[in-house]
file target14.csv (CSV, C-alpha atoms)
chain,number,residue,atom,x,y,z
L,197,MET,CA,43.5,-13.7,-13.4
L,198,PRO,CA,39.8,-12.7,-13.6
L,199,ARG,CA,39.0,-9.1,-14.0
L,200,ARG,CA,37.5,-7.1,-11.2
L,201,PRO,CA,33.7,-6.5,-11.2
L,202,GLN,CA,32.7,-3.0,-12.5
L,203,ILE,CA,29.8,-1.5,-10.6
L,204,LEU,CA,28.1,1.6,-12.0
L,205,VAL,CA,26.7,4.0,-9.4
L,206,ILE,CA,24.1,6.4,-10.7
L,207,GLY,CA,21.9,9.0,-9.2
L,208,PHE,CA,21.4,12.7,-8.4
L,209,ASN,CA,23.7,15.1,-10.1
L,210,GLY,CA,25.4,17.9,-8.2
L,211,ASN,CA,22.5,20.4,-8.6
L,212,HIS,CA,19.9,18.1,-7.0
L,213,CYS,CA,21.9,15.9,-4.6
L,214,THR,CA,20.9,16.1,-0.9
L,215,LYS,CA,23.5,15.7,1.9
L,216,GLU,CA,21.8,12.5,2.9
L,217,ALA,CA,21.9,11.0,-0.7
L,218,TYR,CA,25.6,12.2,-1.0
L,219,GLU,CA,26.5,10.2,2.1
L,220,LEU,CA,24.7,7.1,0.8
L,221,GLY,CA,26.6,7.4,-2.5
L,222,TYR,CA,29.9,7.8,-0.6
L,223,GLN,CA,29.1,4.7,1.4
L,224,VAL,CA,28.2,2.7,-1.7
L,225,GLY,CA,31.6,3.7,-3.2
L,226,ARG,CA,33.4,2.5,-0.1
L,227,GLU,CA,31.6,-0.8,-0.1
L,228,ILE,CA,32.4,-1.4,-3.7
L,229,ALA,CA,36.1,-0.8,-3.0
L,230,ARG,CA,36.0,-3.1,0.0
L,231,HIS,CA,34.6,-5.8,-2.2
L,232,LYS,CA,37.5,-5.2,-4.7
L,233,GLY,CA,35.2,-3.9,-7.4
L,234,ILE,CA,35.8,-0.9,-9.7
L,235,VAL,CA,33.6,2.1,-9.1
L,236,ILE,CA,32.2,3.3,-12.4
L,237,THR,CA,30.3,6.7,-12.6
L,238,GLY,CA,29.3,9.4,-15.0
L,239,GLY,CA,32.3,11.3,-13.6
L,240,LEU,CA,30.6,14.5,-12.6
L,241,GLY,CA,29.2,15.8,-9.2
L,242,GLY,CA,26.6,14.7,-6.8
L,243,ILE,CA,26.3,10.9,-6.4
L,244,MET,CA,29.0,10.4,-9.0
L,245,GLU,CA,31.5,12.4,-7.0
L,246,ALA,CA,30.4,10.8,-3.7
L,247,ALA,CA,30.8,7.3,-5.0
L,248,CYS,CA,34.2,8.1,-6.5
L,249,LYS,CA,35.3,9.8,-3.3
L,250,GLY,CA,34.2,6.8,-1.2
L,251,GLY,CA,35.9,4.3,-3.5
L,252,LYS,CA,39.1,6.3,-3.7
L,253,GLU,CA,39.3,6.8,0.1
L,254,GLU,CA,38.9,3.1,0.6
L,255,GLY,CA,41.8,2.4,-1.8
L,256,GLY,CA,39.7,1.3,-4.8
L,257,ILE,CA,39.8,2.2,-8.5
L,258,THR,CA,37.4,4.8,-9.7
L,259,VAL,CA,36.3,5.6,-13.3
L,260,GLY,CA,34.4,8.6,-14.5
L,261,ILE,CA,32.8,8.5,-18.0
L,262,VAL,CA,32.0,12.1,-18.7
L,263,PRO,CA,29.6,13.4,-21.3
L,264,GLN,CA,31.9,16.2,-22.5
L,265,GLU,CA,35.1,16.1,-24.5
L,266,ASP,CA,37.0,17.9,-21.8
L,267,ARG,CA,38.2,15.4,-19.1
L,268,SER,CA,39.1,18.3,-16.7
L,269,LEU,CA,35.3,18.5,-16.0
L,270,ALA,CA,35.4,15.2,-14.1
L,271,ASN,CA,35.3,15.2,-10.4
L,272,SER,CA,38.7,15.1,-8.7
L,273,TYR,CA,38.1,11.6,-7.2
L,274,ALA,CA,38.0,9.8,-10.6
L,275,ASP,CA,41.2,8.0,-11.1
L,276,ILE,CA,40.4,7.2,-14.8
L,277,VAL,CA,38.5,9.7,-16.9
L,278,ILE,CA,36.9,8.7,-20.2
L,279,SER,CA,35.8,11.7,-22.2
L,280,THR,CA,33.1,10.7,-24.6
L,281,GLY,CA,31.8,14.0,-26.1
L,282,LEU,CA,28.5,12.1,-26.4
L,283,GLY,CA,26.3,14.2,-24.1
L,284,TYR,CA,23.4,12.1,-22.7
L,285,ALA,CA,24.2,9.3,-25.1
L,286,ARG,CA,27.1,8.5,-22.8
L,287,ASP,CA,24.5,7.0,-20.4
L,288,PHE,CA,24.4,4.0,-22.6
L,289,VAL,CA,28.2,3.7,-22.4
L,290,ASN,CA,27.9,3.8,-18.6
L,291,ALA,CA,25.3,1.1,-18.5
L,292,TYR,CA,27.0,-1.2,-21.0
L,293,THR,CA,30.3,-0.9,-19.2
L,294,ALA,CA,28.9,-2.1,-15.9
L,295,ASP,CA,28.4,-5.6,-14.6
L,296,ALA,CA,25.7,-4.3,-12.2
L,297,ILE,CA,24.1,-0.9,-11.5
L,298,ILE,CA,23.3,0.7,-8.1
L,299,VAL,CA,20.8,3.6,-8.2
L,300,VAL,CA,21.0,6.3,-5.5
L,301,GLY,CA,18.2,8.8,-5.9
L,302,GLY,CA,18.3,10.4,-9.3
L,303,GLY,CA,16.2,12.2,-11.9
L,304,ALA,CA,15.5,11.9,-15.6
L,305,GLY,CA,19.2,11.3,-16.5
L,306,THR,CA,19.4,8.5,-14.0
L,307,LEU,CA,16.2,7.0,-15.5
L,308,VAL,CA,17.9,6.9,-18.9
L,309,GLU,CA,20.8,4.9,-17.5
L,310,VAL,CA,18.4,2.6,-15.7
L,311,SER,CA,16.5,2.1,-18.9
L,312,ALA,CA,19.6,1.3,-20.9
L,313,ALA,CA,20.7,-1.2,-18.3
L,314,TYR,CA,17.2,-2.7,-18.3
L,315,LEU,CA,17.2,-3.2,-22.1
L,316,LYS,CA,20.4,-5.3,-21.7
L,317,ALA,CA,19.0,-7.1,-18.6
L,318,LYS,CA,21.8,-5.9,-16.4
L,319,PRO,CA,21.4,-6.4,-12.7
L,320,ILE,CA,20.0,-3.2,-11.2
L,321,ILE,CA,19.8,-2.5,-7.5
L,322,ALA,CA,17.9,0.6,-6.2
L,323,LEU,CA,18.9,2.0,-2.8
L,324,VAL,CA,15.5,2.4,-1.1
L,325,GLY,CA,15.0,5.6,0.9
L,326,SER,CA,17.5,7.6,-1.2
L,327,GLY,CA,14.7,9.3,-3.1
L,328,GLY,CA,14.0,10.1,-6.7
L,329,VAL,CA,14.2,7.4,-9.4
L,330,ALA,CA,15.6,4.8,-6.9
L,331,ASP,CA,12.5,4.8,-4.8
L,332,LYS,CA,10.2,4.8,-7.8
L,333,VAL,CA,11.8,1.7,-9.6
L,334,ALA,CA,12.8,-0.4,-6.6
L,335,GLY,CA,11.1,-3.8,-6.7
L,336,THR,CA,9.6,-3.2,-10.2
L,337,TYR,CA,9.9,-4.3,-13.8
L,338,LEU,CA,10.2,-1.2,-16.1
L,339,ASP,CA,7.8,-2.7,-18.6
L,340,ASP,CA,5.8,-5.8,-19.6
L,341,ARG,CA,8.9,-7.5,-21.1
L,342,LYS,CA,10.1,-8.2,-17.5
L,343,ALA,CA,13.7,-8.1,-18.7
L,344,VAL,CA,15.0,-7.8,-15.1
L,345,LYS,CA,13.4,-6.9,-11.9
L,346,VAL,CA,15.0,-3.9,-10.1
L,347,ALA,CA,16.2,-5.2,-6.8
L,348,SER,CA,15.9,-3.3,-3.6
L,349,GLY,CA,18.7,-2.5,-1.3
L,350,HIS,CA,17.9,-1.1,2.1
L,351,SER,CA,21.5,0.0,3.0
L,352,PRO,CA,24.6,0.8,1.0
L,353,LYS,CA,26.2,-2.5,2.2
L,354,GLU,CA,23.1,-4.5,1.2
L,355,ALA,CA,22.9,-2.9,-2.2
L,356,VAL,CA,26.6,-3.6,-2.9
L,357,GLU,CA,26.3,-7.2,-1.7
L,358,LYS,CA,23.3,-7.7,-4.0
L,359,ALA,CA,25.2,-6.2,-6.9
L,360,PHE,CA,28.1,-8.5,-6.4
L,361,ALA,CA,25.8,-11.6,-5.9
L,362,SER,CA,24.0,-10.8,-9.2
L,363,ILE,CA,27.1,-10.8,-11.4
L,364,LYS,CA,27.5,-13.9,-13.5
L,365,THR,CA,31.1,-15.0,-13.6
call {"tool": "encode", "arguments": {"input": "target14.csv", "output": "structure tokens"}}
result
Amino acid sequence: MPRRPQILVIGFNGNHCTKEAYELGYQVGREIARHKGIVITGGLGGIMEAACKGGKEEGGITVGIVPQEDRSLANSYADIVISTGLGYARDFVNAYTADAIIVVGGGAGTLVEVSAAYLKAKPIIALVGSGGVADKVAGTYLDDRKAVKVASGHSPKEAVEKAFASIKT
């Protein structure tokens, strides 16, 4: 039996997440679950919570990879919590765990995860119109190596469909 695709959803944390971005993250989580994928997040608030909530409410599996040692700090929608104690270095664990990455808004921490995924040429899809890092990197290469072009998704459904289509089986 083949394993289920693991889609990392990254973006604004709880302190900077708008209501509109939260809703987009929630819809991304639901779409991943509808496609029988596993929702992977950094396990905390904002987009991470939204994606886990959407995935869980759609009957999917949700994973939160938290930067702290204390797993109780994860959002309540993460079915599986992986406590790393690695701080921001856990962003590399998040990226390497994923088959594809969907970016919803985001700031500097999100950019670290995008860069880690880029270095491994992982498929990256930015949700256009969600703000922050997603809008800045959509449709671009991060550097002259052209490891992978960041794809653009114009809706949660399109972003998830592009993520699943990009996974090499």
call {"tool": "residues_around", "arguments": {"input": "target14.csv", "residues": "Gly301 (chain L)", "least_positions_apart": "5", "cutoff": "10 Å", "atoms": "all atoms listed in the file", "output": "list in words"}}
result
Ile206, Gly207, Phe208, Asn209, His212, Cys213, Thr214, Ala217, Tyr218, Leu220, Gly221, Ile243, Thr306, Leu307, Ala322, Leu323, Val324, Gly325, Ser326, Gly327, Gly328, Val329, Ala330, Asp331 and Lys332 of chain L
call {"tool": "residues_around", "arguments": {"input": "target14.csv", "residues": "Lys345 (chain L)", "least_positions_apart": "5", "cutoff": "10 Å", "atoms": "only C-alpha atoms", "output": "ChimeraX atom specification"}}
result
/L:314,317-321,333-339
call {"tool": "residues_around", "arguments": {"input": "target14.csv", "residues": "Leu269 (chain L)", "least_positions_apart": "5", "cutoff": "8 Å", "atoms": "all atoms listed in the file", "output": "PyMOL selection string"}}
result
chain L and resi 240+262+264
call {"tool": "atom_distance", "arguments": {"input": "target14.csv", "atom1": "CA of Asp295 (chain L)", "atom2": "CA of Val356 (chain L)"}}
result
12.0 Å
call {"tool": "closest_residue", "arguments": {"input": "target14.csv", "among": "L:Glu309, L:Ile298, L:Pro263, L:Asn211", "to": "Glu354 (chain L)", "atoms": "all atoms listed in the file"}}
result
L:Ile298
call {"tool": "atom_distance", "arguments": {"input": "target14.csv", "atom1": "CA of Leu315 (chain L)", "atom2": "CA of Ile363 (chain L)"}}
result
16.4 Å
call {"tool": "atom_distance", "arguments": {"input": "target14.csv", "atom1": "CA of Lys316 (chain L)", "atom2": "CA of Ile228 (chain L)"}}
result
22.0 Å
call {"tool": "residues_near_point", "arguments": {"input": "target14.csv", "point": "(29.3, 6.8, 3.3)", "cutoff": "9 Å", "atoms": "all atoms listed in the file", "output": "number ranges by chain"}}
result
L: 218-227, 246-247, 250, 352
call {"tool": "closest_residue", "arguments": {"input": "target14.csv", "among": "L:Ala270, L:Asp287, L:Val346, L:Thr293", "to": "Gly305 (chain L)", "atoms": "all atoms listed in the file"}}
result
L:Asp287
call {"tool": "build_atoms", "arguments": {"input": "target14.csv", "residues": "region 300-327 of chain L", "atoms": "N, CA and C atoms", "output": "mmCIF file, keeping the file's coordinate frame"}}
result
data_model
loop_
_atom_site.group_PDB
_atom_site.id
_atom_site.type_symbol
_atom_site.label_atom_id
_atom_site.label_comp_id
_atom_site.auth_asym_id
_atom_site.auth_seq_id
_atom_site.Cartn_x
_atom_site.Cartn_y
_atom_site.Cartn_z
ATOM 1 N N VAL L 300 21.125 5.469 -6.683
ATOM 2 C CA VAL L 300 21.000 6.300 -5.500
ATOM 3 C C VAL L 300 20.261 7.541 -5.838
ATOM 4 N N GLY L 301 18.965 7.598 -5.536
ATOM 5 C CA GLY L 301 18.200 8.800 -5.900
ATOM 6 C C GLY L 301 18.082 8.908 -7.404
ATOM 7 N N GLY L 302 18.176 10.135 -7.882
ATOM 8 C CA GLY L 302 18.300 10.400 -9.300
ATOM 9 C C GLY L 302 17.018 10.980 -9.936
ATOM 10 N N GLY L 303 17.243 11.558 -11.105
ATOM 11 C CA GLY L 303 16.200 12.200 -11.900
ATOM 12 C C GLY L 303 16.107 11.570 -13.269
ATOM 13 N N ALA L 304 15.763 12.384 -14.256
ATOM 14 C CA ALA L 304 15.500 11.900 -15.600
ATOM 15 C C ALA L 304 16.790 11.268 -16.225
ATOM 16 N N GLY L 305 17.952 11.868 -16.019
ATOM 17 C CA GLY L 305 19.200 11.300 -16.500
ATOM 18 C C GLY L 305 19.464 9.917 -15.968
ATOM 19 N N THR L 306 19.194 9.764 -14.689
ATOM 20 C CA THR L 306 19.400 8.500 -14.000
ATOM 21 C C THR L 306 18.393 7.460 -14.635
ATOM 22 N N LEU L 307 17.178 7.898 -14.918
ATOM 23 C CA LEU L 307 16.200 7.000 -15.500
ATOM 24 C C LEU L 307 16.642 6.503 -16.885
ATOM 25 N N VAL L 308 17.331 7.348 -17.648
ATOM 26 C CA VAL L 308 17.900 6.900 -18.900
ATOM 27 C C VAL L 308 18.884 5.793 -18.729
ATOM 28 N N GLU L 309 19.778 5.955 -17.761
ATOM 29 C CA GLU L 309 20.800 4.900 -17.500
ATOM 30 C C GLU L 309 20.113 3.621 -16.992
ATOM 31 N N VAL L 310 19.112 3.752 -16.130
ATOM 32 C CA VAL L 310 18.400 2.600 -15.700
ATOM 33 C C VAL L 310 17.725 1.868 -16.845
ATOM 34 N N SER L 311 17.121 2.632 -17.737
ATOM 35 C CA SER L 311 16.500 2.100 -18.900
ATOM 36 C C SER L 311 17.452 1.362 -19.829
ATOM 37 N N ALA L 312 18.610 1.967 -20.040
ATOM 38 C CA ALA L 312 19.600 1.300 -20.900
ATOM 39 C C ALA L 312 20.092 0.020 -20.268
ATOM 40 N N ALA L 313 20.296 0.004 -18.960
ATOM 41 C CA ALA L 313 20.700 -1.200 -18.300
ATOM 42 C C ALA L 313 19.590 -2.277 -18.355
ATOM 43 N N TYR L 314 18.359 -1.844 -18.208
ATOM 44 C CA TYR L 314 17.200 -2.700 -18.300
ATOM 45 C C TYR L 314 17.100 -3.406 -19.640
ATOM 46 N N LEU L 315 17.322 -2.638 -20.700
ATOM 47 C CA LEU L 315 17.200 -3.200 -22.100
ATOM 48 C C LEU L 315 18.280 -4.286 -22.291
ATOM 49 N N LYS L 316 19.378 -4.247 -21.567
ATOM 50 C CA LYS L 316 20.400 -5.300 -21.700
ATOM 51 C C LYS L 316 20.317 -6.288 -20.530
ATOM 52 N N ALA L 317 19.243 -6.212 -19.748
ATOM 53 C CA ALA L 317 19.000 -7.100 -18.600
ATOM 54 C C ALA L 317 20.172 -7.166 -17.636
ATOM 55 N N LYS L 318 20.765 -6.011 -17.423
ATOM 56 C CA LYS L 318 21.800 -5.900 -16.400
ATOM 57 C C LYS L 318 21.213 -5.881 -15.040
ATOM 58 N N PRO L 319 21.889 -6.439 -14.056
ATOM 59 C CA PRO L 319 21.400 -6.400 -12.700
ATOM 60 C C PRO L 319 21.313 -4.902 -12.217
ATOM 61 N N ILE L 320 20.174 -4.519 -11.669
ATOM 62 C CA ILE L 320 20.000 -3.200 -11.200
ATOM 63 C C ILE L 320 19.482 -3.247 -9.743
ATOM 64 N N ILE L 321 20.147 -2.503 -8.862
ATOM 65 C CA ILE L 321 19.800 -2.500 -7.500
ATOM 66 C C ILE L 321 19.483 -1.022 -7.083
ATOM 67 N N ALA L 322 18.287 -0.750 -6.590
ATOM 68 C CA ALA L 322 17.900 0.600 -6.200
ATOM 69 C C ALA L 322 18.025 0.718 -4.667
ATOM 70 N N LEU L 323 18.698 1.753 -4.206
ATOM 71 C CA LEU L 323 18.900 2.000 -2.800
ATOM 72 C C LEU L 323 17.604 2.676 -2.246
ATOM 73 N N VAL L 324 16.773 1.899 -1.581
ATOM 74 C CA VAL L 324 15.500 2.400 -1.100
ATOM 75 C C VAL L 324 15.720 3.439 0.012
ATOM 76 N N GLY L 325 14.933 4.498 -0.085
ATOM 77 C CA GLY L 325 15.000 5.600 0.900
ATOM 78 C C GLY L 325 15.981 6.695 0.431
ATOM 79 N N SER L 326 16.607 6.532 -0.748
ATOM 80 C CA SER L 326 17.500 7.600 -1.200
ATOM 81 C C SER L 326 16.804 8.602 -2.081
ATOM 82 N N GLY L 327 15.515 8.361 -2.363
ATOM 83 C CA GLY L 327 14.700 9.300 -3.100
ATOM 84 C C GLY L 327 14.701 9.113 -4.583
#
